[in-house]
>>> print(open('data-v2.txt').read())   # compact mmCIF, C-alpha atoms
# COMPACT_ATOMS: atom_id res chain seq x y z
CA MET A 1 88.35 70.93 52.37
CA PHE A 2 87.33 67.66 54.01
CA ASP A 3 90.05 66.23 56.26
CA GLY A 4 88.36 63.58 58.40
CA VAL A 5 89.22 60.04 59.38
CA ILE A 6 88.92 58.44 55.96
CA TRP A 7 91.12 61.19 54.54
CA THR A 8 93.84 60.45 57.09
CA VAL A 9 93.77 56.66 56.95
CA ALA A 10 93.78 56.71 53.15
CA GLY A 11 96.71 59.15 53.11
CA ILE A 12 95.10 61.70 50.81
CA VAL A 13 97.56 64.44 49.90
CA ALA A 14 96.13 67.97 50.13
CA GLY A 15 96.26 69.72 46.76
CA SER A 16 96.55 66.44 44.82
CA ARG A 17 94.38 65.62 41.83
CA LEU A 18 92.54 63.02 43.91
CA ALA A 19 91.86 65.60 46.65
CA ALA A 20 90.18 67.79 44.02
CA THR A 21 88.12 64.84 42.79
CA LEU A 22 87.07 63.94 46.33
CA ASP A 23 85.95 67.51 46.91
CA GLU A 24 83.02 66.60 44.63
CA ARG A 25 82.10 63.86 47.10
CA ARG A 26 82.76 65.76 50.31
CA GLU A 27 79.18 65.25 51.52
CA ILE A 28 79.67 61.48 51.29
CA LEU A 29 83.00 61.71 53.13
CA HIS A 30 81.40 63.81 55.88
CA ARG A 31 78.57 61.32 56.25
CA SER A 32 81.12 58.49 56.32
CA ASP A 33 82.85 60.18 59.24
CA ALA A 34 79.50 60.73 60.99
CA SER A 35 78.95 56.98 60.63
CA HIS A 36 82.40 56.36 62.08
CA GLU A 37 81.37 58.37 65.13
CA ALA A 38 78.00 56.58 65.34
CA VAL A 39 79.60 53.13 65.51
CA MET A 40 82.79 53.99 67.45
CA THR A 41 81.79 56.65 69.98
CA PRO A 42 77.97 56.79 70.00
CA ARG A 43 76.03 58.85 72.52
CA ASP A 44 74.28 55.64 73.59
CA PRO A 45 76.74 52.74 73.29
CA GLY A 46 74.25 50.22 74.70
CA GLY A 47 76.04 47.09 75.91
CA LEU A 48 79.05 47.65 73.63
CA SER A 49 81.60 49.87 75.36
CA THR A 50 83.73 52.19 73.26
CA ALA A 51 86.78 50.14 74.28
CA LEU A 52 85.14 46.95 73.01
CA ARG A 53 84.19 48.72 69.78
CA ALA A 54 87.81 49.88 69.28
CA THR A 55 89.00 46.32 69.98
CA LEU A 56 86.67 44.83 67.37
CA ALA A 57 87.51 47.55 64.84
CA THR A 58 91.25 46.88 65.23
CA ARG A 59 90.64 43.18 64.80
CA ILE A 60 88.56 43.72 61.65
CA ALA A 61 91.13 46.10 60.14
CA VAL A 62 93.90 43.53 60.71
CA ARG A 63 91.76 40.79 59.17
CA ASN A 64 91.35 43.05 56.14
CA ALA A 65 95.13 43.49 55.87
CA ASP A 66 94.98 47.24 56.57
CA PRO A 67 97.75 48.11 59.07
CA ARG A 68 97.12 51.83 58.81
CA LEU A 69 93.47 51.52 59.70
CA ALA A 70 94.39 49.02 62.43
CA ASP A 71 96.79 51.59 63.92
CA HIS A 72 93.99 54.18 63.95
CA TYR A 73 91.70 51.90 65.95
CA ARG A 74 94.45 50.55 68.20
CA ALA A 75 95.27 54.15 69.15
CA MET A 76 91.59 54.69 70.00
CA LEU A 77 91.66 51.55 72.16
CA GLU A 78 94.85 52.57 73.95
CA ALA A 79 93.41 56.03 74.68
CA ASP A 80 90.15 54.56 76.04
CA THR A 81 89.93 54.45 79.83
CA GLY A 82 87.70 51.37 79.48
CA ARG A 83 90.53 49.29 77.96
CA THR A 84 91.39 46.05 79.75
CA PRO A 85 94.23 43.54 79.31
CA GLU A 86 91.69 41.13 77.78
CA LEU A 87 90.50 43.72 75.20
CA LEU A 88 94.07 44.69 74.31
CA ARG A 89 94.84 41.01 73.76
CA LEU A 90 91.71 40.52 71.61
CA ALA A 91 92.67 43.41 69.32
CA SER A 92 94.88 40.81 67.55
CA PRO A 93 92.76 38.42 65.48
CA GLU A 94 95.03 35.45 66.22
CA GLU A 95 93.84 35.72 69.83
CA ALA A 96 90.59 33.93 70.67
CA PRO A 97 88.26 35.08 73.43
CA THR A 98 87.91 32.79 76.44
CA GLY A 99 85.70 32.73 79.50
CA ASP A 100 82.81 35.16 79.45
CA ALA A 101 80.17 33.70 77.11
CA TRP A 102 78.82 37.13 76.12
CA LEU A 103 82.26 38.36 74.99
CA VAL A 104 83.02 35.06 73.22
CA ALA A 105 79.75 35.35 71.24
CA VAL A 106 80.30 39.02 70.34
CA VAL A 107 83.86 38.49 69.09
CA ARG A 108 82.82 35.35 67.23
CA HIS A 109 80.04 37.21 65.44
CA ALA A 110 82.34 40.10 64.52
CA ASP A 111 84.85 37.63 63.06
CA LEU A 112 82.30 35.59 61.16
CA LEU A 113 80.45 38.60 59.77
CA THR A 114 83.73 40.15 58.65
CA MET A 115 85.01 37.05 56.89
CA ALA A 116 81.88 35.15 55.75
CA PRO A 117 78.70 37.24 55.95
CA GLN A 118 76.72 34.59 54.10
CA ASP A 119 77.12 32.32 57.16
CA SER A 120 75.83 34.86 59.66
CA GLY A 121 72.07 34.25 59.57
CA ALA A 122 69.45 32.85 61.93
CA PRO A 123 71.61 30.29 63.83
CA GLU A 124 74.14 33.02 64.52
CA VAL A 125 71.48 35.37 65.91
CA GLU A 126 70.23 32.53 68.12
CA ALA A 127 73.78 31.87 69.38
CA LEU A 128 74.17 35.55 70.26
CA ARG A 129 70.85 35.58 72.13
CA ALA A 130 71.74 32.37 73.97
CA ALA A 131 74.92 34.09 75.20
CA GLY A 132 72.84 36.98 76.54
CA VAL A 133 73.41 39.53 73.74
CA VAL A 134 70.21 41.60 73.51
CA ASP A 135 68.63 42.44 70.15
CA ALA A 136 69.61 46.12 70.18
CA ASP A 137 73.24 45.12 70.77
CA ILE A 138 73.07 42.62 67.90
CA VAL A 139 72.02 45.53 65.65
CA ARG A 140 74.78 47.78 67.07
CA LEU A 141 77.41 45.08 66.57
CA THR A 142 76.25 44.35 63.03
CA GLN A 143 76.36 48.07 62.15
CA LEU A 144 79.90 48.28 63.52
CA VAL A 145 81.13 45.37 61.40
CA GLY A 146 79.19 46.66 58.39
CA PHE A 147 80.70 50.12 58.63
CA LEU A 148 84.23 48.73 59.01
CA SER A 149 83.68 46.52 55.95
CA TYR A 150 82.77 49.67 53.99
CA GLN A 151 85.52 51.90 55.36
CA VAL A 152 88.37 49.44 54.82
CA ARG A 153 87.46 49.14 51.13
CA LEU A 154 87.06 52.85 50.60
CA ALA A 155 90.48 53.43 52.19
CA ALA A 156 92.11 50.70 50.07
CA ALA A 157 90.73 52.13 46.83
CA LEU A 158 91.57 55.75 47.65
CA ARG A 159 95.18 54.77 48.40
CA LEU A 160 95.40 53.06 45.01
CA LEU A 161 93.95 56.09 43.25
CA GLN A 162 96.34 58.37 45.10
CA ASP A 163 99.29 56.28 43.93
CA THR A 164 98.32 55.65 40.29
CA MET U 1 52.11 27.09 49.69
CA ASP U 2 54.21 28.48 52.54
CA GLU U 3 57.16 30.78 52.07
CA THR U 4 60.65 29.26 52.27
CA PRO U 5 64.11 30.87 52.44
CA VAL U 6 65.58 31.78 49.03
CA ARG U 7 69.10 30.38 48.60
CA GLU U 8 69.83 30.95 44.88
CA PHE U 9 70.36 34.22 43.03
CA THR U 10 67.19 35.49 41.37
CA VAL U 11 65.76 38.71 39.93
CA GLN U 12 62.43 37.98 41.66
CA VAL U 13 62.74 40.25 44.68
CA PRO U 14 62.07 38.17 47.82
CA ARG U 15 60.43 39.41 51.01
CA TRP U 16 62.98 40.22 53.71
CA GLN U 17 61.96 38.56 56.95
CA PRO U 18 63.65 39.94 60.08
CA HIS U 19 65.30 37.71 62.69
CA ILE U 20 65.34 40.66 65.08
CA ARG U 21 62.03 42.07 66.25
CA PRO U 22 61.42 45.44 64.51
CA ILE U 23 60.67 48.31 66.88
CA ARG U 24 57.00 49.37 66.96
CA LEU U 25 56.60 52.74 65.29
CA GLU U 26 54.11 53.86 67.95
CA ASP U 27 56.77 53.18 70.62
CA ALA U 28 59.60 54.96 68.75
CA THR U 29 61.60 57.60 70.62
CA PRO U 30 62.01 61.06 69.05
CA GLU U 31 65.57 60.05 68.02
CA GLN U 32 64.28 56.89 66.36
CA ARG U 33 61.53 58.80 64.55
CA GLU U 34 64.09 61.30 63.29
CA ALA U 35 66.41 58.52 62.06
CA LEU U 36 63.47 56.83 60.34
CA GLU U 37 62.47 60.16 58.78
CA VAL U 38 58.90 59.63 59.95
CA THR U 39 56.72 62.59 59.03
CA PRO U 40 52.94 62.99 58.87
CA SER U 41 53.15 62.31 55.12
CA ASN U 42 55.68 59.49 55.46
CA THR U 43 54.44 56.85 57.88
CA LYS U 44 55.31 53.80 55.75
CA VAL U 45 58.45 52.29 57.23
CA SER U 46 59.88 48.90 56.24
CA ASP U 47 60.66 46.15 58.74
CA TYR U 48 64.32 46.52 57.74
CA MET U 49 64.36 50.17 58.82
CA LEU U 50 62.44 49.33 62.01
CA VAL U 51 65.10 46.73 62.88
CA LEU U 52 67.93 49.20 62.24
CA ALA U 53 66.11 51.73 64.45
CA HIS U 54 67.41 49.74 67.46
CA ASP U 55 70.59 51.79 66.80
CA PRO U 56 69.18 55.20 65.77
CA GLN U 57 72.46 57.10 65.57
CA SER U 58 73.90 54.65 63.03
CA LEU U 59 70.67 54.61 61.04
CA LYS U 60 70.41 58.39 60.95
CA HIS U 61 73.71 58.77 59.09
CA ARG U 62 73.64 55.59 57.08
CA ASN U 63 70.42 56.25 55.16
CA PRO U 64 71.49 59.58 53.60
CA LEU U 65 74.96 58.14 52.98
CA PHE U 66 73.44 55.21 51.09
CA ASN U 67 71.19 57.50 49.05
CA ASP U 68 74.03 59.87 48.14
CA ILE U 69 76.21 56.96 47.03
CA MET U 70 73.56 55.26 44.91
CA TYR U 71 71.53 58.21 43.61
CA GLY U 72 73.68 61.34 44.00
CA PRO U 73 74.20 63.57 40.92
CA GLY U 74 77.20 63.50 38.57
CA GLY U 75 79.95 60.95 38.16
CA LEU U 76 79.16 57.30 37.46
CA SER U 77 75.80 56.43 35.89
CA ARG U 78 73.06 54.98 38.07
CA ALA U 79 73.19 51.71 36.14
CA ASP U 80 76.93 51.33 36.68
CA ARG U 81 76.47 51.97 40.41
CA GLU U 82 73.89 49.19 40.44
CA LEU U 83 76.45 46.90 38.78
CA GLY U 84 78.89 47.70 41.61
CA ALA U 85 76.18 46.79 44.11
CA VAL U 86 75.48 43.50 42.30
CA GLY U 87 79.19 42.61 42.21
CA ALA U 88 79.57 43.02 45.98
CA SER U 89 76.29 41.24 46.68
CA GLU U 90 77.43 38.31 44.54
CA VAL U 91 80.67 37.94 46.53
CA ASN U 92 78.81 38.17 49.83
CA ARG U 93 76.02 35.92 48.51
CA CYS U 94 73.36 38.38 49.62
CA ILE U 95 70.36 37.03 47.71
CA TYR U 96 68.09 39.88 48.72
CA CYS U 97 70.39 42.78 47.75
CA ALA U 98 71.41 41.00 44.53
CA ALA U 99 67.76 40.62 43.52
CA VAL U 100 66.84 44.25 44.22
CA HIS U 101 69.85 45.75 42.48
CA ALA U 102 70.02 43.31 39.57
CA SER U 103 66.38 44.22 38.85
CA ARG U 104 67.21 47.92 38.92
CA TYR U 105 70.21 47.35 36.66
CA ILE U 106 68.03 45.54 34.13
CA ALA U 107 65.34 48.25 34.31
CA LEU U 108 67.97 50.92 33.62
CA THR U 109 69.95 49.12 30.91
CA ASP U 110 67.74 46.41 29.40
CA GLN U 111 70.85 44.16 29.70
CA ALA U 112 69.28 41.12 31.34
CA GLU U 113 71.98 38.94 29.78
CA VAL U 114 74.67 40.61 31.94
CA ILE U 115 72.77 39.65 35.09
CA ASP U 116 72.05 36.14 33.74
CA LYS U 117 75.79 35.57 33.28
CA ILE U 118 76.64 36.91 36.74
CA PHE U 119 74.03 34.78 38.47
CA GLU U 120 75.13 31.70 36.53
CA ASP U 121 78.92 31.99 36.64
CA GLU U 122 79.28 34.40 39.59
CA ALA U 123 82.85 35.76 39.93
CA GLU U 124 83.89 33.94 36.72
CA ALA U 125 81.17 35.59 34.58
CA VAL U 126 82.38 36.62 31.10
CA LEU U 127 80.84 39.99 30.18
CA PRO U 128 81.27 42.71 27.53
CA PRO U 129 84.55 44.61 28.13
CA ARG U 130 83.16 47.64 29.97
CA GLU U 131 80.83 45.64 32.23
CA GLN U 132 83.64 43.13 32.80
CA ALA U 133 86.03 45.79 34.08
CA LEU U 134 83.43 47.27 36.44
CA PHE U 135 82.22 43.89 37.72
CA ASN U 136 85.76 42.54 38.25
CA TYR U 137 86.69 45.62 40.23
CA ALA U 138 83.62 45.34 42.48
CA VAL U 139 84.25 41.62 43.05
CA ARG U 140 87.93 42.14 43.92
CA LEU U 141 87.10 45.03 46.23
CA ALA U 142 84.44 42.99 48.06
CA ALA U 143 86.82 40.08 48.73
CA VAL U 144 88.09 39.67 52.32
CA PRO U 145 90.65 41.14 52.46
CA PRO U 146 90.06 43.32 49.38
CA VAL U 147 92.40 42.40 46.52
CA VAL U 148 92.31 45.38 44.16
CA ASP U 149 95.59 46.60 42.72
CA ALA U 150 96.84 49.08 40.13
CA SER U 151 95.93 46.71 37.28
CA HIS U 152 92.24 46.93 38.20
CA ILE U 153 92.37 50.72 38.26
CA ALA U 154 94.13 50.64 34.87
CA ALA U 155 91.41 48.34 33.49
CA LEU U 156 88.73 50.82 34.57
CA ARG U 157 90.60 53.72 32.97
CA GLU U 158 91.00 51.68 29.79
CA VAL U 159 87.22 51.37 29.43
CA GLY U 160 86.86 55.11 29.93
CA LEU U 161 86.23 55.71 33.63
CA ASP U 162 87.68 58.87 35.14
CA ASP U 163 88.75 59.17 38.77
CA LEU U 164 85.37 60.46 39.98
CA GLU U 165 83.63 57.51 38.33
CA ILE U 166 86.12 55.09 39.91
CA VAL U 167 85.44 56.68 43.31
CA ASP U 168 81.69 56.25 42.71
CA LEU U 169 82.10 52.59 41.73
CA THR U 170 84.22 52.05 44.85
CA LEU U 171 81.55 53.65 47.01
CA SER U 172 78.72 51.57 45.56
CA ALA U 173 80.59 48.27 45.97
CA ALA U 174 81.82 49.24 49.45
CA ILE U 175 78.44 50.39 50.78
CA PHE U 176 77.05 47.00 49.76
CA CYS U 177 79.76 45.24 51.72
CA TRP U 178 78.02 47.02 54.61
CA ALA U 179 74.40 46.58 53.49
CA ASN U 180 74.88 42.88 52.68
CA ARG U 181 76.14 42.28 56.23
CA LEU U 182 73.08 43.96 57.73
CA MET U 183 70.65 42.05 55.53
CA GLU U 184 72.34 38.68 56.05
CA THR U 185 72.59 38.83 59.84
CA LEU U 186 69.39 40.60 60.74
CA GLY U 187 66.99 38.69 58.49
CA GLN U 188 66.59 36.42 55.50
CA PRO U 189 65.00 36.45 52.00
CA MET U 190 61.73 34.54 51.73
CA ALA U 191 59.50 33.60 48.79
CA THR U 192 56.70 31.26 47.89
CA PRO U 193 58.15 28.47 45.70
CA SER U 194 56.76 28.71 42.16
>>> encode(input="data-v2.txt", output="structure tokens")
Amino acid sequence: MFDGVIWTVAGIVAGSRLAATLDERREILHRSDASHEAVMTPRDPGGLSTALRATLATRIAVRNADPRLADHYRAMLEADTGRTPELLRLASPEEAPTGDAWLVAVVRHADLLTMAPQDSGAPEVEALRAAGVVDADIVRLTQLVGFLSYQVRLAAALRLLQDT
Amino acid sequence: MDETPVREFTVQVPRWQPHIRPIRLEDATPEQREALEVTPSNTKVSDYMLVLAHDPQSLKHRNPLFNDIMYGPGGLSRADRELGAVGASEVNRCIYCAAVHASRYIALTDQAEVIDKIFEDEAEAVLPPREQALFNYAVRLAAVPPVVDASHIAALREVGLDDLEIVDLTLSAAIFCWANRLMETLGQPMATPS
């Protein structure tokens, strides 16, 4: 039986009718977890540390009103030796980044792409570059926000199906 | 006449123009080639994939995930999965994804009028009961934050969806909340004005 991250954050009950249904989609759930690893703890994180990734993921989960998923990512952040007081502060979306232009641009893009993807085109890419974010990191950051946008919706729907 | 960005929903599939420089296939690392599934018989790789290859580990898992969700056997019909994709793409205003998947929906169902209504009235589109329930669910799920509740699940069951089909509809709408964000940041849809 599959029992990965999405299973845990959605609160799937082993032996339930939904668990049996999801067994038919276990390949998709496994690949979803492999994607979780690819965006959260990749072999090559590029310019985005795992602590920064956990910070952004917590922030995105909170913005999507998913406390359970937010707890999962906050625990990853707190366990990460790369955590800093600034990253712990930024895990809350009401906190705005200050100072370092690179970090300001990265957090701003994560917020905008989470909330209003239609506004995240060419000017946004130019703003990221102007702040020193290299192209490969723009792709990494966009994949991280994209994956979170997928995962938070899958978790929300599975919880509903479990309960109804 | 020169190409210009496409800003309105259309079934004419635009060309996706990257903002990020695609990697050059001849410079690709073994990991990038593996993620791109480049083989001697498969050397055609889109600019979109070559942009995503900047992050090969994400690309490697995302492509098969996407294919399983949209084309895997059993469960929800292919057409209904396309409708889930269109619903999310409408919410996120992803012109490119909406065009590709609306076209596929029409090819599979011959129901161009469903797409016409969605492109005209967007989230307020009035559709036949079954399509309405599926579209509403995809739209509510794609909202930020998602706003699905038990009533939307009940509406899907009322039009005959079982749990596996609801999971499949969820997956198709959710994977487009991801795909739309890639397409909209990393490039833009372009076409020659007619």
>>> closest_residue(input="data-v2.txt", among="U:Val126, U:Leu50, U:Ala150, U:Met190", to="chain A", atoms="all atoms listed in the file")
U:Ala150
>>> interface_residues(input="data-v2.txt", of="chain U", to="chain A", cutoff="8 Å", atoms="only C-alpha atoms", output="VMD selection string")
chain U and resid 19 to 21 51 to 52 54 to 55 57 to 58 61 to 62 64 to 65 68 to 69 92 to 94 141 to 142 144 to 146 148 to 150 153 163 to 164 167 170 to 171 174 to 182 184 to 188
>>> atom_distance(input="data-v2.txt", atom1="atom CA of U:Pro40", atom2="atom CA of U:Ala28")
14.4 Å
>>> closest_residue(input="data-v2.txt", among="U:Val11, U:Val45, U:Leu59, U:Ala125", to="U:Glu26", atoms="only C-alpha atoms")
U:Val45
>>> residues_around(input="data-v2.txt", residues="stretch 77-83 of chain U", least_positions_apart="3", cutoff="10 Å", atoms="all atoms listed in the file", output="short mmCIF file (atom, residue, chain, number, x, y, z; two decimals) with C-alpha atoms, keeping the file's coordinate frame")
data_model
loop_
_atom_site.label_atom_id
_atom_site.label_comp_id
_atom_site.auth_asym_id
_atom_site.auth_seq_id
_atom_site.Cartn_x
_atom_site.Cartn_y
_atom_site.Cartn_z
CA ILE U 69 76.21 56.96 47.03
CA MET U 70 73.56 55.26 44.91
CA TYR U 71 71.53 58.21 43.61
CA GLY U 72 73.68 61.34 44.00
CA PRO U 73 74.20 63.57 40.92
CA GLY U 74 77.20 63.50 38.57
CA VAL U 86 75.48 43.50 42.30
CA GLY U 87 79.19 42.61 42.21
CA ALA U 88 79.57 43.02 45.98
CA SER U 89 76.29 41.24 46.68
CA ALA U 98 71.41 41.00 44.53
CA VAL U 100 66.84 44.25 44.22
CA HIS U 101 69.85 45.75 42.48
CA ALA U 102 70.02 43.31 39.57
CA SER U 103 66.38 44.22 38.85
CA ARG U 104 67.21 47.92 38.92
CA TYR U 105 70.21 47.35 36.66
CA ILE U 106 68.03 45.54 34.13
CA ALA U 107 65.34 48.25 34.31
CA LEU U 108 67.97 50.92 33.62
CA THR U 109 69.95 49.12 30.91
CA VAL U 114 74.67 40.61 31.94
CA ILE U 115 72.77 39.65 35.09
CA ARG U 130 83.16 47.64 29.97
CA GLU U 131 80.83 45.64 32.23
CA LEU U 134 83.43 47.27 36.44
CA PHE U 135 82.22 43.89 37.72
CA ALA U 138 83.62 45.34 42.48
CA GLU U 165 83.63 57.51 38.33
CA ASP U 168 81.69 56.25 42.71
CA LEU U 169 82.10 52.59 41.73
CA THR U 170 84.22 52.05 44.85
CA LEU U 171 81.55 53.65 47.01
CA SER U 172 78.72 51.57 45.56
CA ALA U 173 80.59 48.27 45.97
#
>>> closest_residue(input="data-v2.txt", among="U:Gly84, U:Ile95, U:Gly160, U:Thr29", to="U:Tyr137", atoms="all atoms listed in the file")
U:Gly84
>>> residues_around(input="data-v2.txt", residues="U:Asp162", least_positions_apart="6", cutoff="9 Å", atoms="only C-alpha atoms", output="ChimeraX atom specification")
/U:75-76,156
>>> write_last_selection(input="data-v2.txt", atoms="C-alpha atoms", output="tab-separated table (two decimals), keeping the file's coordinate frame")
chain	number	residue	atom	x	y	z
U	75	GLY	CA	79.95	60.95	38.16
U	76	LEU	CA	79.16	57.30	37.46
U	156	LEU	CA	88.73	50.82	34.57
>>> atom_distance(input="data-v2.txt", atom1="atom CA of U:Pro14", atom2="atom CA of U:Asp2")
13.3 Å
>>> atom_distance(input="data-v2.txt", atom1="atom CA of A:Val104", atom2="atom CA of A:Arg74")
19.9 Å
>>> closest_residue(input="data-v2.txt", among="U:Val139, U:Ala35, U:Ala99, U:Met49", to="U:Pro22", atoms="all atoms listed in the file")
U:Met49
>>> build_atoms(input="data-v2.txt", residues="stretch 140-154 of chain U", atoms="N, CA and C atoms", output="mmCIF file, in the frame of the given file")
data_model
loop_
_atom_site.group_PDB
_atom_site.id
_atom_site.type_symbol
_atom_site.label_atom_id
_atom_site.label_comp_id
_atom_site.auth_asym_id
_atom_site.auth_seq_id
_atom_site.Cartn_x
_atom_site.Cartn_y
_atom_site.Cartn_z
ATOM 1 N N ARG U 140 86.634 42.139 43.243
ATOM 2 C CA ARG U 140 87.930 42.140 43.920
ATOM 3 C C ARG U 140 87.907 43.019 45.174
ATOM 4 N N LEU U 141 87.162 44.122 45.083
ATOM 5 C CA LEU U 141 87.100 45.030 46.230
ATOM 6 C C LEU U 141 86.296 44.398 47.373
ATOM 7 N N ALA U 142 85.298 43.586 47.023
ATOM 8 C CA ALA U 142 84.440 42.990 48.060
ATOM 9 C C ALA U 142 85.090 41.787 48.735
ATOM 10 N N ALA U 143 86.150 41.234 48.125
ATOM 11 C CA ALA U 143 86.820 40.080 48.730
ATOM 12 C C ALA U 143 87.347 40.454 50.117
ATOM 13 N N VAL U 144 87.558 39.443 50.962
ATOM 14 C CA VAL U 144 88.090 39.670 52.320
ATOM 15 C C VAL U 144 89.445 38.972 52.441
ATOM 16 N N PRO U 145 90.565 39.697 52.598
ATOM 17 C CA PRO U 145 90.650 41.140 52.460
ATOM 18 C C PRO U 145 90.486 41.560 50.998
ATOM 19 N N PRO U 146 90.201 42.863 50.763
ATOM 20 C CA PRO U 146 90.060 43.320 49.380
ATOM 21 C C PRO U 146 91.352 43.086 48.598
ATOM 22 N N VAL U 147 91.216 42.737 47.315
ATOM 23 C CA VAL U 147 92.400 42.400 46.520
ATOM 24 C C VAL U 147 92.510 43.234 45.253
ATOM 25 N N VAL U 148 92.131 44.504 45.333
ATOM 26 C CA VAL U 148 92.310 45.380 44.160
ATOM 27 C C VAL U 148 93.762 45.855 44.111
ATOM 28 N N ASP U 149 94.256 46.022 42.886
ATOM 29 C CA ASP U 149 95.590 46.600 42.720
ATOM 30 C C ASP U 149 95.583 47.543 41.522
ATOM 31 N N ALA U 150 96.756 48.070 41.197
ATOM 32 C CA ALA U 150 96.840 49.080 40.130
ATOM 33 C C ALA U 150 96.299 48.566 38.804
ATOM 34 N N SER U 151 96.397 47.251 38.560
ATOM 35 C CA SER U 151 95.930 46.710 37.280
ATOM 36 C C SER U 151 94.409 46.861 37.150
ATOM 37 N N HIS U 152 93.697 46.778 38.271
ATOM 38 C CA HIS U 152 92.240 46.930 38.200
ATOM 39 C C HIS U 152 91.845 48.377 37.957
ATOM 40 N N ILE U 153 92.609 49.305 38.538
ATOM 41 C CA ILE U 153 92.370 50.720 38.260
ATOM 42 C C ILE U 153 92.664 51.002 36.783
ATOM 43 N N ALA U 154 93.772 50.437 36.284
ATOM 44 C CA ALA U 154 94.130 50.640 34.870
ATOM 45 C C ALA U 154 93.047 50.091 33.953
#
